[in-house]
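Peer 1: The following block contains the structure, expressed as structure tokens.
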Amino acid sequence: MTVCKKVVLRFDSKIVEKPIIYSLIKDYGLITNILKAEINPHKEGYLVMEVTGENQQYAEGVEYLNSIGVSIDALDEKVTWIEEKCMQCGLCTGLCPTHALKMNRPSMNVTFEGEKCIVCEICVKSCPAKAVELHF
Ligand code: SF4
Ligand code: SF4
């Protein structure tokens with residue numbers, strides 16, 4: 001079975017120069033898509049990435065990372081809507097693909113249903129009041 005996970009890798013300065021991404025691709029057949037990275041040759045670093053591959057390959061890749069001292073954690077992303085900040089402009093409700101943010105009629109009040117949210121981040125980027133936040 002194929003898995004696709006968003007994960008965060010954390011590693012110390014000794015690991016920074018190791019070709020860990022290359023190894024995941026070449027030795028474990030995993031597809032990686034780096035979403036965020038902060039790597040400083042003299043300090044700790046982290047990578048946020050999407051990893052896709054067969055279950056077994058994924059498990060072996062995780063084992064490899066642990067064996068060289070890289071911690072790997074599943075990334076939990078969550079969007080929260082801050083009602084007090086919301087200006088009820090309705091912009092996000094026209095953009096939200098799942099109607100997690102919606103304009104209710106006839107009251108015209110904006111509401112948020114977290115269980116419908118797929119964390120596409122469209123609202124986070126477009127809200128003029130910064131009333132929607134992304135949390136890890
Ligand atoms: S875009 Fe922001 S301010 Fe406007 S309705 Fe949505 S959450 Fe509220
Ligand atoms: S992150 Fe995407 S799905 Fe979730 S509320 Fe915002 S626009 Fe809708």
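Going through the structure tokens in order, the chains are called A, B, and so on, while each chain numbers its residues from 1 and the ligands are numbered from 1 in the order shown.
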Using DSSP on the backbone coordinates, identify the residues of chain A assigned to helix (DSSP H, G or I); present them as a ChimeraX atom specification.
Peer 2: /A:20-26,55-67,91-95,114-116,122-126
Peer 1: Please provide the set of residues having any atom within 8 Å of segment 86-92 of chain A, restricted to only C-alpha atoms, with same-chain residues fewer than 6 positions apart removed, written as a count of residues only.
Peer 2: 12
Peer 1: Distance atom CA of Asp12 of chain A-atom CA of Val51 of chain A, one decimal place?
Peer 2: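 If I compute the distance from atom CA of Asp12 of chain A to atom CA of Val51 of chain A, I get 20.7 Å.
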Peer 1: Find the residue from A:Glu113, A:Asp27, A:Glu133, A:Asp73 that sits nearest to Glu60 of chain A; use only C-alpha atoms when measuring.
Peer 2: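 Result for the nearest residue to Glu60 of chain A: A:Asp27.
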Peer 1: Looking at only C-alpha atoms, which of A:Glu63, A:Gln57, A:Glu17, A:Val7 is the one that sits closest to Asn33 of chain A?
Peer 2: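 Looking only at the distances to Asn33 of chain A, the closest residue turns out to be A:Val7.
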Peer 1: Counting only C-alpha atoms and all ligand atoms, what are the residues, protein, DNA or RNA alike, that approach ligand 2 to within 9 Å? I want them as JSON, numbers by chain.
Peer 2: {"A": [78, 79, 80, 81, 92, 93, 94, 95, 96, 97, 98, 99, 100, 101, 102, 112, 113, 114, 115, 116, 117, 118, 119, 120, 121, 122, 123, 124, 125, 126, 132, 133, 134]}
Peer 1: Please provide the set of residues having any atom within 12 Å of Thr32 of chain A, restricted to only C-alpha atoms, with same-chain residues fewer than 3 positions apart removed, written as an NGL selection string.
Peer 2: :A and (3-8 or 20-26 or 28-29 or 35-36 or 47-53 or 58 or 61)
Peer 1: Grab the residues selected above and save them as an mmCIF file, in the first residue's frame with N, CA, C and O atoms.
Peer 2:
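The result, written out as again_25.cif:
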data_model
loop_
_atom_site.group_PDB
_atom_site.id
_atom_site.type_symbol
_atom_site.label_atom_id
_atom_site.label_comp_id
_atom_site.auth_asym_id
_atom_site.auth_seq_id
_atom_site.Cartn_x
_atom_site.Cartn_y
_atom_site.Cartn_z
ATOM 1 N N VAL A 3 1.854 5.069 0.892
ATOM 2 C CA VAL A 3 1.564 6.072 1.920
ATOM 3 C C VAL A 3 2.094 7.422 1.438
ATOM 4 O O VAL A 3 3.060 7.492 0.677
ATOM 5 N N CYS A 4 1.450 8.468 1.862
ATOM 6 C CA CYS A 4 1.908 9.824 1.572
ATOM 7 C C CYS A 4 1.758 10.602 2.868
ATOM 8 O O CYS A 4 0.639 10.784 3.349
ATOM 9 N N LYS A 5 2.866 10.985 3.441
ATOM 10 C CA LYS A 5 2.808 11.653 4.748
ATOM 11 C C LYS A 5 3.580 12.956 4.730
ATOM 12 O O LYS A 5 4.623 13.049 4.092
ATOM 13 N N LYS A 6 3.056 13.911 5.489
ATOM 14 C CA LYS A 6 3.821 15.132 5.734
ATOM 15 C C LYS A 6 4.565 14.914 7.041
ATOM 16 O O LYS A 6 3.950 14.528 8.043
ATOM 17 N N VAL A 7 5.847 15.121 7.008
ATOM 18 C CA VAL A 7 6.663 14.856 8.196
ATOM 19 C C VAL A 7 7.634 16.006 8.438
ATOM 20 O O VAL A 7 7.943 16.782 7.532
ATOM 21 N N VAL A 8 8.106 16.077 9.671
ATOM 22 C CA VAL A 8 9.166 17.032 9.982
ATOM 23 C C VAL A 8 10.380 16.243 10.464
ATOM 24 O O VAL A 8 10.274 15.364 11.312
ATOM 25 N N ILE A 20 20.854 12.942 3.276
ATOM 26 C CA ILE A 20 19.733 12.117 3.715
ATOM 27 C C ILE A 20 18.605 12.038 2.678
ATOM 28 O O ILE A 20 17.999 10.995 2.521
ATOM 29 N N ILE A 21 18.368 13.118 1.970
ATOM 30 C CA ILE A 21 17.287 13.090 0.976
ATOM 31 C C ILE A 21 17.662 12.155 -0.170
ATOM 32 O O ILE A 21 16.856 11.344 -0.635
ATOM 33 N N TYR A 22 18.911 12.270 -0.581
ATOM 34 C CA TYR A 22 19.406 11.405 -1.656
ATOM 35 C C TYR A 22 19.245 9.937 -1.258
ATOM 36 O O TYR A 22 18.802 9.103 -2.055
ATOM 37 N N SER A 23 19.574 9.623 -0.017
ATOM 38 C CA SER A 23 19.457 8.235 0.451
ATOM 39 C C SER A 23 18.004 7.774 0.464
ATOM 40 O O SER A 23 17.709 6.639 0.071
ATOM 41 N N LEU A 24 17.116 8.647 0.904
ATOM 42 C CA LEU A 24 15.701 8.243 0.945
ATOM 43 C C LEU A 24 15.192 7.920 -0.457
ATOM 44 O O LEU A 24 14.418 6.986 -0.655
ATOM 45 N N ILE A 25 15.664 8.696 -1.432
ATOM 46 C CA ILE A 25 15.210 8.490 -2.815
ATOM 47 C C ILE A 25 15.884 7.251 -3.412
ATOM 48 O O ILE A 25 15.223 6.341 -3.921
ATOM 49 N N LYS A 26 17.209 7.221 -3.311
ATOM 50 C CA LYS A 26 17.968 6.182 -4.019
ATOM 51 C C LYS A 26 17.895 4.822 -3.313
ATOM 52 O O LYS A 26 17.698 3.795 -3.945
ATOM 53 N N TYR A 28 15.804 3.910 -0.701
ATOM 54 C CA TYR A 28 14.502 3.442 -0.199
ATOM 55 C C TYR A 28 13.367 3.690 -1.189
ATOM 56 O O TYR A 28 12.214 3.377 -0.901
ATOM 57 N N GLY A 29 13.684 4.247 -2.345
ATOM 58 C CA GLY A 29 12.686 4.427 -3.401
ATOM 59 C C GLY A 29 11.562 5.379 -3.023
ATOM 60 O O GLY A 29 10.457 5.293 -3.557
ATOM 61 N N LEU A 35 8.882 20.950 1.636
ATOM 62 C CA LEU A 35 7.946 22.057 1.771
ATOM 63 C C LEU A 35 8.576 23.247 2.481
ATOM 64 O O LEU A 35 8.308 24.392 2.153
ATOM 65 N N LYS A 36 9.402 22.962 3.484
ATOM 66 C CA LYS A 36 10.107 24.018 4.211
ATOM 67 C C LYS A 36 11.419 23.445 4.684
ATOM 68 O O LYS A 36 11.506 22.254 4.972
ATOM 69 N N LEU A 47 13.599 19.926 8.339
ATOM 70 C CA LEU A 47 12.999 19.868 7.016
ATOM 71 C C LEU A 47 11.546 19.471 7.192
ATOM 72 O O LEU A 47 11.253 18.547 7.956
ATOM 73 N N VAL A 48 10.665 20.159 6.500
ATOM 74 C CA VAL A 48 9.279 19.717 6.459
ATOM 75 C C VAL A 48 9.056 19.203 5.047
ATOM 76 O O VAL A 48 9.350 19.917 4.084
ATOM 77 N N MET A 49 8.608 17.975 4.939
ATOM 78 C CA MET A 49 8.444 17.457 3.573
ATOM 79 C C MET A 49 7.344 16.417 3.484
ATOM 80 O O MET A 49 6.898 15.861 4.486
ATOM 81 N N GLU A 50 6.950 16.181 2.251
ATOM 82 C CA GLU A 50 5.967 15.161 1.957
ATOM 83 C C GLU A 50 6.755 13.956 1.480
ATOM 84 O O GLU A 50 7.645 14.105 0.630
ATOM 85 N N VAL A 51 6.452 12.808 2.013
ATOM 86 C CA VAL A 51 7.150 11.586 1.614
ATOM 87 C C VAL A 51 6.121 10.594 1.090
ATOM 88 O O VAL A 51 5.126 10.313 1.758
ATOM 89 N N THR A 52 6.381 10.088 -0.104
ATOM 90 C CA THR A 52 5.460 9.128 -0.707
ATOM 91 C C THR A 52 6.217 7.860 -1.060
ATOM 92 O O THR A 52 7.338 7.921 -1.577
ATOM 93 N N GLY A 53 5.609 6.727 -0.777
ATOM 94 C CA GLY A 53 6.239 5.456 -1.133
ATOM 95 C C GLY A 53 5.440 4.305 -0.588
ATOM 96 O O GLY A 53 4.405 4.490 0.056
ATOM 97 N N TYR A 58 8.691 3.028 3.283
ATOM 98 C CA TYR A 58 8.564 4.149 4.221
ATOM 99 C C TYR A 58 9.093 3.746 5.601
ATOM 100 O O TYR A 58 9.872 4.474 6.224
ATOM 101 N N GLY A 61 12.797 3.544 5.505
ATOM 102 C CA GLY A 61 13.369 4.893 5.442
ATOM 103 C C GLY A 61 13.365 5.553 6.821
ATOM 104 O O GLY A 61 14.347 6.194 7.219
#
Peer 1: Measuring between only C-alpha atoms, which one of A:Val16, A:Met1, A:Ile82, A:Leu9 shows the shortest distance to Glu54 of chain A?
Peer 2: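 Looking only at the distances to Glu54 of chain A, the closest residue turns out to be A:Met1.
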